[in-house]
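Content type CSV, C-alpha atoms and all ligand atoms, from the file data34.csv:
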```
chain,number,residue,atom,x,y,z
P,1,MET,CA,149.1,136.0,46.4
P,2,ASN,CA,149.2,132.2,45.9
P,3,ARG,CA,149.1,129.6,48.6
P,4,SER,CA,152.8,129.1,48.8
P,5,GLU,CA,153.1,132.8,49.7
P,6,ILE,CA,150.6,132.7,52.6
P,7,ALA,CA,151.9,129.4,53.7
P,8,LEU,CA,154.5,128.5,55.5
P,9,ASN,CA,157.5,127.4,57.2
P,10,ASP,CA,156.4,126.6,60.7
P,11,ASP,CA,159.3,128.2,62.5
P,12,TYR,CA,157.3,129.8,65.3
P,13,GLU,CA,159.1,130.4,68.6
P,14,HIS,CA,158.0,128.2,71.5
P,15,PRO,CA,158.8,127.6,75.1
P,16,ASP,CA,161.6,125.2,75.9
P,17,SER,CA,159.3,123.0,77.9
P,18,LEU,CA,157.3,122.2,74.7
P,19,GLU,CA,158.4,119.7,72.1
P,20,TYR,CA,157.3,121.5,69.0
P,21,VAL,CA,155.5,119.3,66.4
P,22,LEU,CA,154.5,120.3,62.9
P,23,GLU,CA,151.4,118.1,62.9
P,24,SER,CA,149.7,115.8,65.4
P,25,VAL,CA,151.7,112.7,66.6
P,26,LEU,CA,150.7,109.5,68.3
P,27,MET,CA,150.9,109.4,72.1
P,28,PRO,CA,153.4,107.0,73.6
P,29,SER,CA,152.2,103.4,73.7
P,30,ASP,CA,150.5,102.3,76.9
P,31,ASP,CA,150.2,98.7,75.5
P,32,SER,CA,146.4,99.0,75.5
P,33,LEU,CA,144.0,97.7,72.8
P,34,ASP,CA,142.7,101.2,72.3
P,35,PHE,CA,146.3,102.4,71.6
P,36,GLU,CA,146.7,99.6,69.1
P,37,ARG,CA,143.5,100.7,67.3
P,38,LEU,CA,144.6,104.3,67.3
P,39,ALA,CA,148.1,103.4,66.0
P,40,ASP,CA,146.5,101.3,63.2
P,41,GLU,CA,144.4,104.3,62.1
P,42,TYR,CA,147.3,106.7,62.4
P,43,ASN,CA,149.3,104.4,60.1
P,44,SER,CA,146.5,103.9,57.6
P,45,VAL,CA,146.3,105.7,54.3
P,46,LEU,CA,143.1,107.4,53.1
P,47,LEU,CA,142.1,106.1,49.7
P,48,ASN,CA,139.7,107.7,47.1
P,49,GLN,CA,142.3,109.7,45.3
P,50,CYS,CA,141.2,112.1,42.6
P,51,GLN,CA,142.0,111.5,38.9
P,52,CYS,CA,141.8,115.2,38.0
P,53,ASN,CA,144.0,117.1,35.6
P,54,GLY,CA,142.4,120.5,36.5
P,55,ALA,CA,142.2,122.6,39.6
P,56,CYS,CA,139.9,120.4,41.7
P,57,GLU,CA,137.5,123.3,42.2
P,58,LYS,CA,134.2,121.6,41.5
P,59,SER,CA,132.7,118.8,43.6
P,60,GLU,CA,131.0,117.4,40.5
P,61,ILE,CA,134.5,116.7,39.0
P,62,CYS,CA,136.8,116.1,41.9
P,63,PRO,CA,135.6,113.7,44.7
P,64,HIS,CA,137.1,116.1,47.3
P,65,GLY,CA,136.9,119.4,45.5
P,66,GLY,CA,134.8,122.5,46.0
P,67,GLN,CA,135.5,123.0,49.6
P,68,TYR,CA,137.9,125.9,49.3
P,69,GLU,CA,137.5,128.9,47.0
P,70,TYR,CA,139.1,132.2,46.1
P,71,PRO,CA,136.5,134.7,47.1
P,72,LYS,CA,135.5,137.5,44.7
P,73,ASP,CA,138.4,140.0,44.8
P,74,GLY,CA,140.1,137.7,47.3
P,75,ILE,CA,143.7,136.6,46.8
P,76,GLU,CA,143.7,133.9,49.4
P,77,LEU,CA,142.1,130.4,49.3
P,78,VAL,CA,139.5,130.2,52.0
P,79,LEU,CA,137.1,127.5,53.4
P,80,LYS,CA,133.6,127.9,52.0
P,81,LYS,CA,131.5,126.2,54.6
P,82,PHE,CA,132.2,125.2,58.2
P,83,SER,CA,129.7,122.4,58.6
P,84,ASN,CA,131.3,119.9,56.2
P,85,PRO,CA,134.4,117.8,57.0
P,86,VAL,CA,137.1,118.6,54.5
P,87,ILE,CA,139.2,116.1,52.5
P,88,GLU,CA,142.2,117.6,50.7
P,89,CYS,CA,143.9,116.1,47.7
P,90,ASN,CA,147.1,114.4,48.5
P,91,ASP,CA,150.3,113.0,46.9
P,92,LEU,CA,148.5,110.0,45.6
P,93,CYS,CA,146.0,112.1,43.7
P,94,LYS,CA,146.5,112.6,40.0
P,95,CYS,CA,146.1,116.4,40.2
P,96,SER,CA,149.2,118.6,40.2
P,97,ARG,CA,150.2,120.4,43.4
P,98,ASN,CA,150.7,123.6,41.4
P,99,SER,CA,147.2,123.8,40.0
P,100,CYS,CA,145.1,122.1,42.6
P,101,SER,CA,143.0,124.4,44.7
P,102,ASN,CA,142.0,121.7,47.2
P,103,ARG,CA,145.2,121.9,49.3
P,104,LEU,CA,145.6,124.3,52.1
P,105,VAL,CA,146.0,122.8,55.6
P,106,GLN,CA,148.8,120.5,54.3
P,107,TYR,CA,151.0,123.5,53.7
P,108,GLY,CA,151.1,124.3,57.4
P,109,PRO,CA,150.2,127.3,59.5
P,110,ARG,CA,149.9,130.8,58.1
P,111,LYS,CA,152.7,133.3,58.7
P,112,ASN,CA,152.2,136.5,60.8
P,113,LEU,CA,150.9,134.8,63.9
P,114,GLU,CA,152.1,135.9,67.3
P,115,ILE,CA,152.0,134.4,70.8
P,116,PHE,CA,151.4,137.2,73.3
P,117,ASP,CA,150.3,137.9,76.9
P,118,SER,CA,146.6,138.3,76.5
P,119,PRO,CA,145.2,141.0,78.8
P,120,VAL,CA,141.7,139.5,78.5
P,121,TYR,CA,142.7,136.0,79.7
P,122,GLY,CA,145.7,136.8,81.9
P,123,SER,CA,147.7,134.1,80.1
P,124,LYS,CA,149.2,133.5,76.7
P,125,GLY,CA,147.0,133.9,73.6
P,126,LEU,CA,147.5,134.0,69.8
P,127,ARG,CA,147.0,137.0,67.6
P,128,THR,CA,147.5,138.0,64.0
P,129,THR,CA,149.7,140.8,62.8
P,130,ILE,CA,147.8,141.1,59.5
P,131,ASN,CA,144.2,141.1,58.4
P,132,ILE,CA,142.8,137.6,57.7
P,133,PRO,CA,139.7,137.0,55.5
P,134,GLU,CA,136.7,135.0,56.6
P,135,GLY,CA,137.4,131.3,56.0
P,136,GLY,CA,141.2,131.9,56.0
P,137,TYR,CA,143.3,129.1,57.4
P,138,ILE,CA,145.1,129.9,60.7
P,139,CYS,CA,146.8,126.6,61.8
P,140,GLU,CA,146.3,123.1,63.0
P,141,TYR,CA,145.5,122.4,66.6
P,142,ALA,CA,148.4,119.9,66.7
P,143,GLY,CA,149.5,117.8,69.6
P,144,GLU,CA,149.5,114.2,70.8
P,145,LEU,CA,146.7,112.0,69.6
P,146,LEU,CA,145.2,110.3,72.6
P,147,THR,CA,143.0,107.3,73.4
P,148,ALA,CA,140.0,108.2,75.5
P,149,SER,CA,141.4,106.5,78.6
P,150,GLU,CA,144.7,108.4,78.4
P,151,ALA,CA,142.8,111.7,77.8
P,152,LYS,CA,140.7,111.0,80.9
P,153,ARG,CA,143.8,110.2,82.9
P,154,ARG,CA,145.5,113.5,81.8
P,155,LEU,CA,142.3,115.5,82.5
P,156,LYS,CA,142.2,114.2,86.0
P,157,ILE,CA,145.8,115.2,86.6
P,158,ASN,CA,145.2,118.7,85.2
P,159,GLU,CA,142.2,119.0,87.5
P,160,GLU,CA,143.9,117.8,90.6
P,161,LEU,CA,147.0,119.9,90.0
P,162,GLY,CA,145.1,123.0,88.8
P,163,LEU,CA,147.0,123.0,85.5
P,164,MET,CA,145.8,124.5,82.3
P,165,ASN,CA,143.9,122.1,80.1
P,166,TYR,CA,145.0,121.7,76.5
P,167,VAL,CA,143.0,118.5,75.7
P,168,LEU,CA,140.6,119.1,72.8
P,169,VAL,CA,137.9,116.6,71.7
P,170,LEU,CA,136.6,116.7,68.1
P,171,ASN,CA,133.3,114.8,67.7
P,172,GLU,CA,132.2,114.1,64.1
P,173,TYR,CA,128.6,113.2,63.5
P,174,THR,CA,126.5,111.9,60.6
P,175,SER,CA,123.1,113.4,61.3
P,176,GLU,CA,122.6,112.2,64.9
P,177,THR,CA,125.2,109.4,65.1
P,178,LYS,CA,128.7,110.0,66.4
P,179,GLN,CA,131.1,108.7,63.8
P,180,GLN,CA,134.5,109.5,65.0
P,181,VAL,CA,136.2,111.1,68.0
P,182,THR,CA,139.6,112.7,67.7
P,183,ILE,CA,141.4,113.7,70.9
P,184,VAL,CA,144.4,116.0,70.7
P,185,ASP,CA,146.6,117.2,73.6
P,186,PRO,CA,149.3,119.8,72.9
P,187,SER,CA,150.4,120.2,76.5
P,188,ARG,CA,153.7,118.4,76.1
P,189,ARG,CA,154.1,118.2,72.3
P,190,GLY,CA,152.2,120.8,70.3
P,191,ASN,CA,152.3,123.7,67.9
P,192,ILE,CA,151.2,127.3,67.9
P,193,GLY,CA,147.5,126.2,67.9
P,194,ARG,CA,147.8,125.5,71.6
P,195,TYR,CA,147.7,129.2,72.4
P,196,LEU,CA,144.2,129.9,71.1
P,197,ASN,CA,141.9,130.7,74.1
P,198,HIS,CA,138.1,129.9,74.3
P,199,SER,CA,135.5,132.5,73.5
P,200,CYS,CA,131.7,132.3,73.7
P,201,GLN,CA,131.7,134.6,70.6
P,202,PRO,CA,134.7,133.3,68.7
P,203,ASN,CA,136.3,134.7,65.6
P,204,CYS,CA,137.6,131.2,64.6
P,205,HIS,CA,136.0,127.8,64.1
P,206,ILE,CA,137.5,124.4,63.9
P,207,ALA,CA,137.0,121.9,61.2
P,208,ALA,CA,138.0,118.2,60.6
P,209,VAL,CA,140.4,118.1,57.7
P,210,ARG,CA,141.7,114.9,56.2
P,211,ILE,CA,144.7,114.7,53.9
P,212,ASP,CA,146.2,111.3,53.7
P,213,CYS,CA,145.2,109.7,57.0
P,214,PRO,CA,141.7,108.7,58.3
P,215,ILE,CA,142.4,110.6,61.5
P,216,PRO,CA,141.5,114.2,60.8
P,217,LYS,CA,143.6,117.2,61.5
P,218,ILE,CA,141.9,119.8,63.6
P,219,GLY,CA,142.0,122.9,61.3
P,220,ILE,CA,141.4,126.3,62.7
P,221,PHE,CA,139.8,128.8,60.3
P,222,ALA,CA,138.7,132.5,60.6
P,223,ALA,CA,134.9,132.5,61.3
P,224,ARG,CA,134.8,136.2,60.0
P,225,ASP,CA,137.2,138.8,58.7
P,226,ILE,CA,139.8,139.2,61.5
P,227,LEU,CA,141.8,142.5,61.8
P,228,ALA,CA,145.5,142.8,62.5
P,229,GLN,CA,146.2,142.7,66.3
P,230,GLU,CA,143.0,140.8,67.1
P,231,GLU,CA,143.4,137.9,69.4
P,232,MET,CA,142.1,134.7,67.9
P,233,CYS,CA,139.8,132.3,69.8
P,234,PHE,CA,137.5,129.4,69.1
P,235,HIS,CA,134.6,127.8,71.1
P,236,TYR,CA,136.1,124.9,73.0
P,237,GLY,CA,132.8,123.1,73.3
P,238,GLY,CA,131.6,123.4,69.7
P,239,GLU,CA,128.1,124.5,68.6
P,240,GLY,CA,126.2,122.2,70.9
P,241,GLN,CA,127.2,124.0,74.1
P,242,TYR,CA,126.6,127.6,72.9
P,243,LYS,CA,123.4,128.0,74.8
P,244,THR,CA,123.3,125.3,77.4
P,245,LEU,CA,126.5,125.9,79.4
P,246,ALA,CA,125.7,126.5,83.0
P,247,TYR,CA,128.6,125.2,85.1
P,248,GLY,CA,132.4,124.8,84.9
P,249,LYS,CA,135.5,126.9,85.2
P,250,THR,CA,134.9,130.7,85.0
P,251,CYS,CA,135.1,132.0,81.5
P,252,LEU,CA,137.1,135.2,81.0
P,253,CYS,CA,136.2,135.9,77.4
P,254,ALA,CA,134.1,139.0,78.2
P,255,ALA,CA,131.9,138.5,75.1
P,256,PRO,CA,128.4,140.0,75.3
P,257,ASN,CA,126.9,136.5,75.1
P,258,CYS,CA,129.4,134.9,77.6
P,259,THR,CA,127.7,132.1,79.6
P,260,GLY,CA,130.2,132.8,82.4
P,261,PHE,CA,131.6,129.3,82.1
P,262,MET,CA,134.2,127.5,80.0
P,263,PRO,CA,133.0,124.4,78.3
P,264,ASN,CA,134.2,121.2,80.0
P,265,THR,CA,136.2,118.7,78.0
P,266,ALA,CA,133.7,115.8,77.7
P,267,ILE,CA,134.9,112.4,76.8
P,268,GLU,CA,132.3,109.6,76.6
P,301,LIG,C1,144.6,125.6,75.1
P,301,LIG,S1,145.1,126.6,76.5
P,301,LIG,C2,145.1,128.2,75.8
P,301,LIG,C3,146.4,128.9,76.0
P,301,LIG,C4,146.7,129.4,77.4
P,301,LIG,N1,146.1,130.6,77.7
P,301,LIG,C5,148.2,129.5,77.7
P,301,LIG,O1,148.6,130.4,78.3
P,301,LIG,O2,149.0,128.6,77.3
P,301,LIG,C6,143.7,126.5,77.5
P,301,LIG,C7,143.8,127.1,78.8
P,301,LIG,O3,143.8,128.6,78.7
P,301,LIG,C8,142.9,129.2,79.7
P,301,LIG,N2,141.7,129.7,79.0
P,301,LIG,C9,141.4,129.6,77.7
P,301,LIG,N3,140.2,130.2,77.4
P,301,LIG,C10,139.8,130.7,78.6
P,301,LIG,C11,138.6,131.4,79.0
P,301,LIG,N4,137.7,131.7,78.1
P,301,LIG,N5,138.5,131.7,80.3
P,301,LIG,C12,139.4,131.4,81.2
P,301,LIG,N6,140.5,130.8,80.9
P,301,LIG,C13,140.7,130.4,79.6
P,301,LIG,C14,142.5,128.0,80.6
P,301,LIG,O4,143.5,128.0,81.7
P,301,LIG,C15,142.6,126.8,79.7
P,301,LIG,O5,142.8,125.6,80.5
```

Written as structure tokens, how would this file's structure read?
Amino acid sequence: MNRSEIALNDDYEHPDSLEYVLESVLMPSDDSLDFERLADEYNSVLLNQCQCNGACEKSEICPHGGQYEYPKDGIELVLKKFSNPVIECNDLCKCSRNSCSNRLVQYGPRKNLEIFDSPVYGSKGLRTTINIPEGGYICEYAGELLTASEAKRRLKINEELGLMNYVLVLNEYTSETKQQVTIVDPSRRGNIGRYLNHSCQPNCHIAAVRIDCPIPKIGIFAARDILAQEEMCFHYGGEGQYKTLAYGKTCLCAAPNCTGFMPNTAIE
């Protein structure tokens, strides 16, 4: 199977109330300076293209390569390591789309995903109808890209009205220093990624994936082999909150290590 077979026309069904977007989009302008900065970044192009004429498999040769691999006996390109931010080759790179093995998220969500009524969570969830290998790409968590102040405003409204919260904050660090914060809200405009619930023992992880823009896409990947019909979940709070969570909304994940609480969406 090659990538064009696992990937993907994003033609998933969605509720009428949602504007379905194929990738994250900029929030409406609120005329703030923060919005201007966000819009500037959103409209910027990531440089550092590769000059490869091969498959971009090795980091020694391709400046972005070596992050995905075909596992032994595997037929599907998978993410090797969850800790590193990923940069995929893009249209400005010299490599060929057909031979490059450093392109995955840019082809869109995988097929065979299904929105369903999750008995565990008592609300919608996302499951797969086929087996997915560890590291396999699921979909982007796509929605509106928000400034911190707009995210705080929406979180307050959600809280006050008792609405479900879809705002996700991706913090990227270089050792101890926070480098970049990406905030995505698929509550009004989003894709199939908005249906993944939180679990304290998740079978998926998220990763920052850049293609041609300095703002990363939030890529969701299988943290282990996932069987057909399994619901897919990730940890909303990231690694840092695994052990320390001691307050918040009641968590329904029912994992053996469940803290009893859902991570709060923290925006500094
Ligand atoms: C991103 S949405 C997930 C999809 C959602 N279940 C739906 O029906 O659209 C996040 C919301 O789902 C619910 N949820 C997700 N994980 C949960 C958990 N572990 N425990 C309780 N509720 C959860 C909460 O209402 C949360 O605000």

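For region 125-128 of chain P, the non-local neighbours within 8 Å, defined as residues at least 5 positions apart in the same chain or in other chains and counting all atoms listed in the file, are Asn112, Leu113, Glu114, Ile115, Phe116, Asp117, Ser118, Ile192, Tyr195, Leu196, Asn197, Leu227, Ala228, Gln229, Glu230, Glu231, Met232 and Cys233 of chain P.
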
message = What does the list of residues within 7 Å of ligand LIG 301 (chain P) look like if you count all atoms listed in the file, written as an NGL selection string?
response = :P and (121 or 123-125 or 164-166 or 194-199 or 250-253 or 262)

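Look at Glu41 (chain P): the protein and nucleic acid residues within 9 Å of it, using all atoms listed in the file and passing over chain neighbours fewer than 4 places away, are P:Glu36, P:Arg37, P:Val45, P:Cys213, P:Pro214, P:Ile215.
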
Please list as a CSV table (one decimal) with C-alpha atoms, in the coordinates of the input every residue within 10 Å of Leu92 (chain P), counting all atoms listed in the file and excluding residues in the same chain fewer than 4 positions away.
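What landed in out_14.csv:
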```csv
chain,number,residue,atom,x,y,z
P,45,VAL,CA,146.3,105.7,54.3
P,46,LEU,CA,143.1,107.4,53.1
P,47,LEU,CA,142.1,106.1,49.7
P,48,ASN,CA,139.7,107.7,47.1
P,49,GLN,CA,142.3,109.7,45.3
P,50,CYS,CA,141.2,112.1,42.6
P,51,GLN,CA,142.0,111.5,38.9
P,212,ASP,CA,146.2,111.3,53.7
```

task = Quote the spacing between CA of Pro119 (chain P) and CA of Glu144 (chain P) in Å to one decimal place.
result = 28.3 Å

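Nearest residue to Tyr42 (chain P), choosing from P:Asn84, P:Asn264, P:Thr147, P:Thr129 and counting only C-alpha atoms: P:Thr147.
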
message = Report, in Å with one decimal, the straight-line distance from CA of Leu77 (chain P) to CA of Ser59 (chain P).
response = 16.0 Å

request  = Grab the CA of Tyr236 (chain P) to CA of Leu161 (chain P) distance for me, in Å with one decimal place.
outcome  = 20.8 Å

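Here the question is which of P:Phe221, P:Val21, P:Asn90, P:Leu38 gets nearest to Cys52 (chain P) using all atoms listed in the file, and that residue is P:Asn90.
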